[in-house]
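Inspection log for the structure reproduced underneath, given as structure tokens.
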Amino acid sequence: VRSLLFFCRAPGVWAMWRLSCAVALLWHDLPGIRSLSLDDLPANIKEVEYAVRGEMDQIAQGLAEQLKNKNHGLPFDEIVPCNIGNPQVLGQPPITFHRQMLSLLTNPELQTKDLYAQDVHDRARNFSEATRFGAYSHSQGIPLLRQQVASFIQKRDGTKVGVVDAESVYLTDGASPGVKTSLGLLISGTSDGILIPVPQYPLYSAAITNYGGTAVGYYLDEAKGWSVSTQEIQKAIDRFKVDHPDG
């Protein structure tokens with residue numbers, strides 16, 4: 001036995017691959033059992049780079065700790081984090097509708113009181129009737145929410161997308177899990193190339209590396225509003241084909 005892992009299921013987890021926490025049981029004194037080290041990890045994992053939480057972020061965290069000292073000696077007194085889309089940390093007020101909706105769903109007793117706008121109360125009652133808040137839901141997402149998403153897409157895109165079926169809608173807890181799930185379905189090895197823009201959000205390159213695929217970058221034209229041409233896409237594909245003729 002190389003290592004023992006204890007997995008704990010956190011609320012909202014749908015399957016074992018979505019476990020929220022893993023605690024390694026490192027029993028150094030038992031024969032034949034040793035701790036998990038960096039050398040034991042798969043090569044794909046060790047090659048993953050996620051710049052959003054990388055070296056610059058670590059330096060910023062160290063400086064933030066230094067700023068807590070009144071005599072920090074730095075030529076500035078504040079760090080503004082811009083590495084991720086997090087408007088609240090920059091002081092932008094949250095959208096009140098979301099907070100109000102959550103307050104009614106987490107505390108149903110408030111639904112009987114005239115606290116917020118009528119549409120907030122109406123939606124909260126509809127959601128409360130559609131599912132038990134906090135309980136496991138359908139693996140694709142709550143049917144009512146999927147139907148609302150399908151209706152929105154149909155209204156936005158019209159007949160050019162055909163009939164939008166709610167059964168074909170899959171909801172995820174954020175964009176990242178959706179991207180990772182999709183890439184996991186597409187990639188079986190390095191001969192599977194995934195086109196991504198340059199510059200790009202590091203999630204894509206990190207996930208592609210993690211799944212063992214190959215990131216195929218195409219360059220955006222800053223002078224033309226960060227647009228891309230079909231010629232640039234073809235160049236990227238041609239470069240990929242040189243090293244992966246069967247890709």
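Naming works like this for the structure tokens: A, B, ... for the chains as they're shown, residue 1 at the start of each chain, ligands 1 onward in shown order.
Proximity to segment 119-131 of chain A at 7 Å, evaluated using only C-alpha atoms and with sequence-adjacent residues fewer than 5 positions away removed, yields Met101, Leu104, Leu105, Gln111 and Leu144 of chain A.
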Keeping only N, CA, C and O atoms, take the residues you just selected and write them out as a compact mmCIF listing (two decimals), in the first residue's frame.
# COMPACT_ATOMS: atom_id res chain seq x y z
N MET A 101 -32.95 36.44 -2.69
CA MET A 101 -33.49 35.13 -3.04
C MET A 101 -32.95 34.05 -2.11
O MET A 101 -33.69 33.20 -1.61
N LEU A 104 -34.52 34.05 1.37
CA LEU A 104 -35.86 33.46 1.42
C LEU A 104 -35.81 31.94 1.31
O LEU A 104 -36.63 31.23 1.92
N LEU A 105 -34.86 31.43 0.53
CA LEU A 105 -34.76 29.98 0.36
C LEU A 105 -34.14 29.30 1.58
O LEU A 105 -34.56 28.21 1.98
N GLN A 111 -40.62 33.92 3.76
CA GLN A 111 -41.44 34.02 2.56
C GLN A 111 -42.85 34.53 2.87
O GLN A 111 -43.55 35.00 1.98
N LEU A 144 -36.89 22.46 -12.84
CA LEU A 144 -37.46 23.79 -13.06
C LEU A 144 -36.40 24.76 -13.57
O LEU A 144 -36.66 25.54 -14.50
Once you count only C-alpha atoms, what closest atom pair and distance in Å to one decimal does each residue of segment 186-226 of chain A within 9 Å of segment 50-70 of chain A have, with rows by chain and rising residue number, as CSV?
residue,atom,partner,partner_atom,distance
A:Tyr201,CA,A:Val52,CA,8.3
A:Pro202,CA,A:Tyr50,CA,5.6
A:Leu203,CA,A:Tyr50,CA,6.7
A:Ser205,CA,A:Tyr50,CA,8.1
A:Ala206,CA,A:Tyr50,CA,5.9
Residues just named, written with N, CA and C atoms as a short mmCIF file (atom, residue, chain, number, x, y, z; two decimals), in the first residue's frame:
data_model
loop_
_atom_site.label_atom_id
_atom_site.label_comp_id
_atom_site.auth_asym_id
_atom_site.auth_seq_id
_atom_site.Cartn_x
_atom_site.Cartn_y
_atom_site.Cartn_z
N TYR A 201 -7.71 32.08 -20.36
CA TYR A 201 -7.84 31.87 -18.92
C TYR A 201 -7.16 30.55 -18.58
N PRO A 202 -6.25 30.51 -17.60
CA PRO A 202 -5.42 29.32 -17.34
C PRO A 202 -6.20 28.05 -17.04
N LEU A 203 -7.48 28.15 -16.74
CA LEU A 203 -8.27 26.95 -16.48
C LEU A 203 -8.18 25.98 -17.65
N SER A 205 -5.85 25.56 -20.23
CA SER A 205 -4.58 24.88 -20.43
C SER A 205 -4.30 23.92 -19.28
N ALA A 206 -4.66 24.31 -18.04
CA ALA A 206 -4.41 23.45 -16.89
C ALA A 206 -5.25 22.18 -16.97
#
**Item:** Selection: 10 Å around Ala215 of chain A, only C-alpha atoms, excl. self and same-chain fewer than 6 positions, as a list in words
**Value:** Thr190, Asp192, Gly193, Ile194, Leu195, Ile196, Pro197, Tyr204, Ser205, Ala206, Ala207, Ile208, Thr209 and Phe240 of chain A
Quick one: DSSP helix (DSSP H, G or I) residues in segment 134-207 of chain A, as a PDB file with N, CA and C atoms, in the first residue's frame?
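Final output, result.pdb:
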ATOM      1  N   PRO A 143     -35.005  20.329 -12.342  1.00  0.00           N
ATOM      2  CA  PRO A 143     -35.769  20.408 -13.603  1.00  0.00           C
ATOM      3  C   PRO A 143     -36.344  21.795 -13.877  1.00  0.00           C
ATOM      4  N   LEU A 144     -36.890  22.457 -12.843  1.00  0.00           N
ATOM      5  CA  LEU A 144     -37.460  23.793 -13.057  1.00  0.00           C
ATOM      6  C   LEU A 144     -36.405  24.763 -13.569  1.00  0.00           C
ATOM      7  N   LEU A 145     -35.216  24.724 -12.986  1.00  0.00           N
ATOM      8  CA  LEU A 145     -34.153  25.636 -13.415  1.00  0.00           C
ATOM      9  C   LEU A 145     -33.692  25.311 -14.830  1.00  0.00           C
ATOM     10  N   ARG A 146     -33.611  24.018 -15.151  1.00  0.00           N
ATOM     11  CA  ARG A 146     -33.203  23.637 -16.511  1.00  0.00           C
ATOM     12  C   ARG A 146     -34.235  24.091 -17.532  1.00  0.00           C
ATOM     13  N   GLN A 147     -35.506  24.027 -17.174  1.00  0.00           N
ATOM     14  CA  GLN A 147     -36.556  24.487 -18.080  1.00  0.00           C
ATOM     15  C   GLN A 147     -36.469  25.997 -18.281  1.00  0.00           C
ATOM     16  N   GLN A 148     -36.150  26.722 -17.221  1.00  0.00           N
ATOM     17  CA  GLN A 148     -36.008  28.171 -17.343  1.00  0.00           C
ATOM     18  C   GLN A 148     -34.803  28.543 -18.202  1.00  0.00           C
ATOM     19  N   VAL A 149     -33.713  27.777 -18.064  1.00  0.00           N
ATOM     20  CA  VAL A 149     -32.534  28.016 -18.906  1.00  0.00           C
ATOM     21  C   VAL A 149     -32.865  27.745 -20.365  1.00  0.00           C
ATOM     22  N   ALA A 150     -33.564  26.636 -20.611  1.00  0.00           N
ATOM     23  CA  ALA A 150     -33.945  26.287 -21.982  1.00  0.00           C
ATOM     24  C   ALA A 150     -34.844  27.366 -22.583  1.00  0.00           C
ATOM     25  N   SER A 151     -35.783  27.868 -21.804  1.00  0.00           N
ATOM     26  CA  SER A 151     -36.697  28.920 -22.281  1.00  0.00           C
ATOM     27  C   SER A 151     -35.933  30.199 -22.591  1.00  0.00           C
ATOM     28  N   PHE A 152     -34.945  30.518 -21.751  1.00  0.00           N
ATOM     29  CA  PHE A 152     -34.135  31.719 -21.987  1.00  0.00           C
ATOM     30  C   PHE A 152     -33.367  31.605 -23.299  1.00  0.00           C
ATOM     31  N   ILE A 153     -32.715  30.443 -23.526  1.00  0.00           N
ATOM     32  CA  ILE A 153     -31.943  30.246 -24.760  1.00  0.00           C
ATOM     33  C   ILE A 153     -32.865  30.323 -25.970  1.00  0.00           C
ATOM     34  N   GLN A 154     -34.052  29.710 -25.863  1.00  0.00           N
ATOM     35  CA  GLN A 154     -34.999  29.728 -26.970  1.00  0.00           C
ATOM     36  C   GLN A 154     -35.442  31.150 -27.293  1.00  0.00           C
ATOM     37  N   LYS A 155     -35.708  31.925 -26.251  1.00  0.00           N
ATOM     38  CA  LYS A 155     -36.138  33.310 -26.449  1.00  0.00           C
ATOM     39  C   LYS A 155     -35.005  34.160 -27.008  1.00  0.00           C
ATOM     40  N   ARG A 156     -33.795  33.911 -26.560  1.00  0.00           N
ATOM     41  CA  ARG A 156     -32.649  34.711 -27.008  1.00  0.00           C
ATOM     42  C   ARG A 156     -32.246  34.403 -28.437  1.00  0.00           C
ATOM     43  N   ASP A 157     -32.180  33.097 -28.793  1.00  0.00           N
ATOM     44  CA  ASP A 157     -31.629  32.685 -30.083  1.00  0.00           C
ATOM     45  C   ASP A 157     -32.689  32.364 -31.131  1.00  0.00           C
ATOM     46  N   GLY A 158     -33.926  32.181 -30.699  1.00  0.00           N
ATOM     47  CA  GLY A 158     -35.003  31.958 -31.654  1.00  0.00           C
ATOM     48  C   GLY A 158     -34.914  30.637 -32.389  1.00  0.00           C
ATOM     49  N   THR A 159     -35.434  30.629 -33.601  1.00  0.00           N
ATOM     50  CA  THR A 159     -35.549  29.390 -34.370  1.00  0.00           C
ATOM     51  C   THR A 159     -34.220  28.893 -34.936  1.00  0.00           C
ATOM     52  N   LYS A 160     -33.200  29.721 -34.925  1.00  0.00           N
ATOM     53  CA  LYS A 160     -31.922  29.314 -35.528  1.00  0.00           C
ATOM     54  C   LYS A 160     -31.249  28.185 -34.748  1.00  0.00           C
ATOM     55  N   VAL A 161     -31.667  27.963 -33.490  1.00  0.00           N
ATOM     56  CA  VAL A 161     -31.082  26.869 -32.701  1.00  0.00           C
ATOM     57  C   VAL A 161     -32.032  25.682 -32.606  1.00  0.00           C
ATOM     58  N   ALA A 166     -35.085  21.002 -22.445  1.00  0.00           N
ATOM     59  CA  ALA A 166     -34.542  21.078 -21.091  1.00  0.00           C
ATOM     60  C   ALA A 166     -33.798  19.808 -20.704  1.00  0.00           C
ATOM     61  N   GLU A 167     -34.153  18.684 -21.328  1.00  0.00           N
ATOM     62  CA  GLU A 167     -33.466  17.429 -21.020  1.00  0.00           C
ATOM     63  C   GLU A 167     -32.046  17.411 -21.566  1.00  0.00           C
ATOM     64  N   SER A 168     -31.728  18.352 -22.433  1.00  0.00           N
ATOM     65  CA  SER A 168     -30.372  18.442 -22.976  1.00  0.00           C
ATOM     66  C   SER A 168     -29.542  19.493 -22.242  1.00  0.00           C
ATOM     67  N   ALA A 175     -18.683  27.760 -13.828  1.00  0.00           N
ATOM     68  CA  ALA A 175     -18.201  27.469 -15.180  1.00  0.00           C
ATOM     69  C   ALA A 175     -17.082  26.431 -15.181  1.00  0.00           C
ATOM     70  N   SER A 176     -16.197  26.483 -14.188  1.00  0.00           N
ATOM     71  CA  SER A 176     -15.041  25.588 -14.171  1.00  0.00           C
ATOM     72  C   SER A 176     -15.431  24.110 -14.188  1.00  0.00           C
ATOM     73  N   PRO A 177     -16.362  23.649 -13.343  1.00  0.00           N
ATOM     74  CA  PRO A 177     -16.746  22.233 -13.412  1.00  0.00           C
ATOM     75  C   PRO A 177     -17.321  21.851 -14.771  1.00  0.00           C
ATOM     76  N   GLY A 178     -18.056  22.761 -15.407  1.00  0.00           N
ATOM     77  CA  GLY A 178     -18.599  22.480 -16.731  1.00  0.00           C
ATOM     78  C   GLY A 178     -17.504  22.318 -17.768  1.00  0.00           C
ATOM     79  N   VAL A 179     -16.492  23.198 -17.718  1.00  0.00           N
ATOM     80  CA  VAL A 179     -15.367  23.118 -18.650  1.00  0.00           C
ATOM     81  C   VAL A 179     -14.602  21.821 -18.425  1.00  0.00           C
ATOM     82  N   LYS A 180     -14.322  21.491 -17.169  1.00  0.00           N
ATOM     83  CA  LYS A 180     -13.550  20.282 -16.858  1.00  0.00           C
ATOM     84  C   LYS A 180     -14.296  19.023 -17.285  1.00  0.00           C
ATOM     85  N   THR A 181     -15.602  18.988 -17.035  1.00  0.00           N
ATOM     86  CA  THR A 181     -16.386  17.817 -17.429  1.00  0.00           C
ATOM     87  C   THR A 181     -16.373  17.641 -18.944  1.00  0.00           C
ATOM     88  N   SER A 182     -16.547  18.736 -19.679  1.00  0.00           N
ATOM     89  CA  SER A 182     -16.560  18.669 -21.141  1.00  0.00           C
ATOM     90  C   SER A 182     -15.216  18.198 -21.678  1.00  0.00           C
ATOM     91  N   LEU A 183     -14.125  18.749 -21.138  1.00  0.00           N
ATOM     92  CA  LEU A 183     -12.801  18.359 -21.611  1.00  0.00           C
ATOM     93  C   LEU A 183     -12.509  16.897 -21.265  1.00  0.00           C
ATOM     94  N   GLY A 184     -12.980  16.465 -20.092  1.00  0.00           N
ATOM     95  CA  GLY A 184     -12.777  15.078 -19.707  1.00  0.00           C
ATOM     96  C   GLY A 184     -13.459  14.105 -20.646  1.00  0.00           C
ATOM     97  N   LEU A 185     -14.563  14.522 -21.249  1.00  0.00           N
ATOM     98  CA  LEU A 185     -15.279  13.679 -22.201  1.00  0.00           C
ATOM     99  C   LEU A 185     -14.607  13.664 -23.573  1.00  0.00           C
ATOM    100  N   LEU A 186     -13.855  14.720 -23.884  1.00  0.00           N
ATOM    101  CA  LEU A 186     -13.272  14.866 -25.216  1.00  0.00           C
ATOM    102  C   LEU A 186     -11.866  14.293 -25.334  1.00  0.00           C
ATOM    103  N   PRO A 202      -6.251  30.511 -17.598  1.00  0.00           N
ATOM    104  CA  PRO A 202      -5.423  29.324 -17.339  1.00  0.00           C
ATOM    105  C   PRO A 202      -6.198  28.047 -17.040  1.00  0.00           C
ATOM    106  N   LEU A 203      -7.475  28.152 -16.736  1.00  0.00           N
ATOM    107  CA  LEU A 203      -8.273  26.945 -16.484  1.00  0.00           C
ATOM    108  C   LEU A 203      -8.180  25.977 -17.653  1.00  0.00           C
ATOM    109  N   TYR A 204      -8.234  26.512 -18.877  1.00  0.00           N
ATOM    110  CA  TYR A 204      -8.284  25.656 -20.053  1.00  0.00           C
ATOM    111  C   TYR A 204      -6.985  24.874 -20.239  1.00  0.00           C
ATOM    112  N   SER A 205      -5.852  25.563 -20.234  1.00  0.00           N
ATOM    113  CA  SER A 205      -4.575  24.875 -20.429  1.00  0.00           C
ATOM    114  C   SER A 205      -4.295  23.918 -19.282  1.00  0.00           C
ATOM    115  N   ALA A 206      -4.655  24.311 -18.042  1.00  0.00           N
ATOM    116  CA  ALA A 206      -4.414  23.446 -16.893  1.00  0.00           C
ATOM    117  C   ALA A 206      -5.249  22.176 -16.975  1.00  0.00           C
ATOM    118  N   ALA A 207      -6.516  22.312 -17.332  1.00  0.00           N
ATOM    119  CA  ALA A 207      -7.396  21.149 -17.411  1.00  0.00           C
ATOM    120  C   ALA A 207      -6.977  20.224 -18.552  1.00  0.00           C
TER     121      ALA A 207
END
**Prompt:** Pick from A:Gln88, A:Thr214, A:Asp243, A:Glu78: nearest to Asn44 of chain A, with only C-alpha atoms counted?
**Reply:**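 Under the stated criterion, the closest residue is A:Thr214.
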**Request:** Find, counting only C-alpha atoms, the residue in A:Lys235, A:Arg99, A:Lys113, A:Lys46 that gets nearest to Gly217 of chain A.
**Result:** A:Lys235
**Request:** List every residue of segment 32-224 of chain A that DSSP, applied to the backbone, labels as strand (DSSP E or B), and write the result as a list in words.
**Result:**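 Matching residues for strand (DSSP E or B) in segment 32-224 of chain A are Gly193, Ile194, Leu195, Ile196, Pro197, Val198, Thr214, Ala215, Val216, Gly217, Tyr218, Tyr219 and Asp221 of chain A.
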**Message:** Could you check the closest approach to Trp226 of chain A for each of A:Val198, A:Leu74, A:Val242, A:Ile95 and tell me which residue wins, using only C-alpha atoms?
**Reply:** A:Val198
**Request:** Please provide as a list in words all residues within 9 Å of Glu232 of chain A, with the sequence filter that same-chain residues fewer than 3 positions apart are discarded (counting only C-alpha atoms).
**Result:**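 Selected residues are Tyr218, Tyr219, Leu220, Val228, Ser229, Lys235, Ala236 and Ile237 of chain A.
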With all heavy atoms retained, could you export that selection as a PDB file, in the first residue's frame?
ATOM      1  N   TYR A 218      -4.319  29.442 -30.536  1.00  0.00           N
ATOM      2  CA  TYR A 218      -4.446  30.349 -31.684  1.00  0.00           C
ATOM      3  C   TYR A 218      -4.426  31.776 -31.137  1.00  0.00           C
ATOM      4  O   TYR A 218      -4.953  32.057 -30.075  1.00  0.00           O
ATOM      5  CB  TYR A 218      -5.722  30.071 -32.478  1.00  0.00           C
ATOM      6  CG  TYR A 218      -7.010  30.199 -31.704  1.00  0.00           C
ATOM      7  CD1 TYR A 218      -7.665  31.427 -31.573  1.00  0.00           C
ATOM      8  CD2 TYR A 218      -7.580  29.083 -31.094  1.00  0.00           C
ATOM      9  CE1 TYR A 218      -8.846  31.540 -30.862  1.00  0.00           C
ATOM     10  CE2 TYR A 218      -8.759  29.188 -30.384  1.00  0.00           C
ATOM     11  CZ  TYR A 218      -9.391  30.414 -30.263  1.00  0.00           C
ATOM     12  OH  TYR A 218     -10.552  30.523 -29.540  1.00  0.00           O
ATOM     13  N   TYR A 219      -3.783  32.675 -31.881  1.00  0.00           N
ATOM     14  CA  TYR A 219      -3.527  34.014 -31.374  1.00  0.00           C
ATOM     15  C   TYR A 219      -4.653  34.984 -31.741  1.00  0.00           C
ATOM     16  O   TYR A 219      -5.140  34.998 -32.875  1.00  0.00           O
ATOM     17  CB  TYR A 219      -2.189  34.539 -31.893  1.00  0.00           C
ATOM     18  CG  TYR A 219      -1.018  33.812 -31.273  1.00  0.00           C
ATOM     19  CD1 TYR A 219      -0.545  32.629 -31.841  1.00  0.00           C
ATOM     20  CD2 TYR A 219      -0.424  34.288 -30.115  1.00  0.00           C
ATOM     21  CE1 TYR A 219       0.517  31.946 -31.260  1.00  0.00           C
ATOM     22  CE2 TYR A 219       0.634  33.614 -29.529  1.00  0.00           C
ATOM     23  CZ  TYR A 219       1.097  32.438 -30.101  1.00  0.00           C
ATOM     24  OH  TYR A 219       2.134  31.750 -29.522  1.00  0.00           O
ATOM     25  N   LEU A 220      -5.034  35.794 -30.755  1.00  0.00           N
ATOM     26  CA  LEU A 220      -6.057  36.817 -30.958  1.00  0.00           C
ATOM     27  C   LEU A 220      -5.400  38.107 -31.435  1.00  0.00           C
ATOM     28  O   LEU A 220      -4.258  38.408 -31.069  1.00  0.00           O
ATOM     29  CB  LEU A 220      -6.815  37.060 -29.659  1.00  0.00           C
ATOM     30  CG  LEU A 220      -7.481  35.835 -29.020  1.00  0.00           C
ATOM     31  CD1 LEU A 220      -8.179  36.223 -27.724  1.00  0.00           C
ATOM     32  CD2 LEU A 220      -8.477  35.203 -29.987  1.00  0.00           C
ATOM     33  N   VAL A 228     -10.435  36.886 -33.991  1.00  0.00           N
ATOM     34  CA  VAL A 228      -9.651  35.803 -34.550  1.00  0.00           C
ATOM     35  C   VAL A 228     -10.145  35.519 -35.966  1.00  0.00           C
ATOM     36  O   VAL A 228     -11.331  35.707 -36.269  1.00  0.00           O
ATOM     37  CB  VAL A 228      -9.746  34.528 -33.682  1.00  0.00           C
ATOM     38  CG1 VAL A 228     -11.167  33.993 -33.664  1.00  0.00           C
ATOM     39  CG2 VAL A 228      -8.772  33.458 -34.158  1.00  0.00           C
ATOM     40  N   SER A 229      -9.249  35.084 -36.809  1.00  0.00           N
ATOM     41  CA  SER A 229      -9.604  34.782 -38.194  1.00  0.00           C
ATOM     42  C   SER A 229      -9.541  33.283 -38.435  1.00  0.00           C
ATOM     43  O   SER A 229      -8.872  32.540 -37.704  1.00  0.00           O
ATOM     44  CB  SER A 229      -8.644  35.488 -39.155  1.00  0.00           C
ATOM     45  OG  SER A 229      -7.326  34.979 -38.998  1.00  0.00           O
ATOM     46  N   LYS A 235      -3.788  27.880 -39.075  1.00  0.00           N
ATOM     47  CA  LYS A 235      -2.360  27.830 -38.754  1.00  0.00           C
ATOM     48  C   LYS A 235      -2.120  27.017 -37.477  1.00  0.00           C
ATOM     49  O   LYS A 235      -1.179  26.222 -37.400  1.00  0.00           O
ATOM     50  CB  LYS A 235      -1.811  29.250 -38.570  1.00  0.00           C
ATOM     51  CG  LYS A 235      -1.673  30.057 -39.849  1.00  0.00           C
ATOM     52  CD  LYS A 235      -1.127  31.448 -39.543  1.00  0.00           C
ATOM     53  CE  LYS A 235      -1.034  32.304 -40.791  1.00  0.00           C
ATOM     54  NZ  LYS A 235      -0.539  33.679 -40.467  1.00  0.00           N
ATOM     55  N   ALA A 236      -2.971  27.233 -36.489  1.00  0.00           N
ATOM     56  CA  ALA A 236      -2.831  26.510 -35.224  1.00  0.00           C
ATOM     57  C   ALA A 236      -3.027  25.012 -35.435  1.00  0.00           C
ATOM     58  O   ALA A 236      -2.279  24.191 -34.888  1.00  0.00           O
ATOM     59  CB  ALA A 236      -3.844  27.041 -34.203  1.00  0.00           C
ATOM     60  N   ILE A 237      -4.020  24.662 -36.240  1.00  0.00           N
ATOM     61  CA  ILE A 237      -4.273  23.246 -36.528  1.00  0.00           C
ATOM     62  C   ILE A 237      -3.092  22.627 -37.283  1.00  0.00           C
ATOM     63  O   ILE A 237      -2.668  21.505 -36.984  1.00  0.00           O
ATOM     64  CB  ILE A 237      -5.574  23.089 -37.338  1.00  0.00           C
ATOM     65  CG1 ILE A 237      -6.775  23.543 -36.499  1.00  0.00           C
ATOM     66  CG2 ILE A 237      -5.749  21.641 -37.787  1.00  0.00           C
ATOM     67  CD1 ILE A 237      -8.081  23.542 -37.253  1.00  0.00           C
TER      68      ILE A 237
END
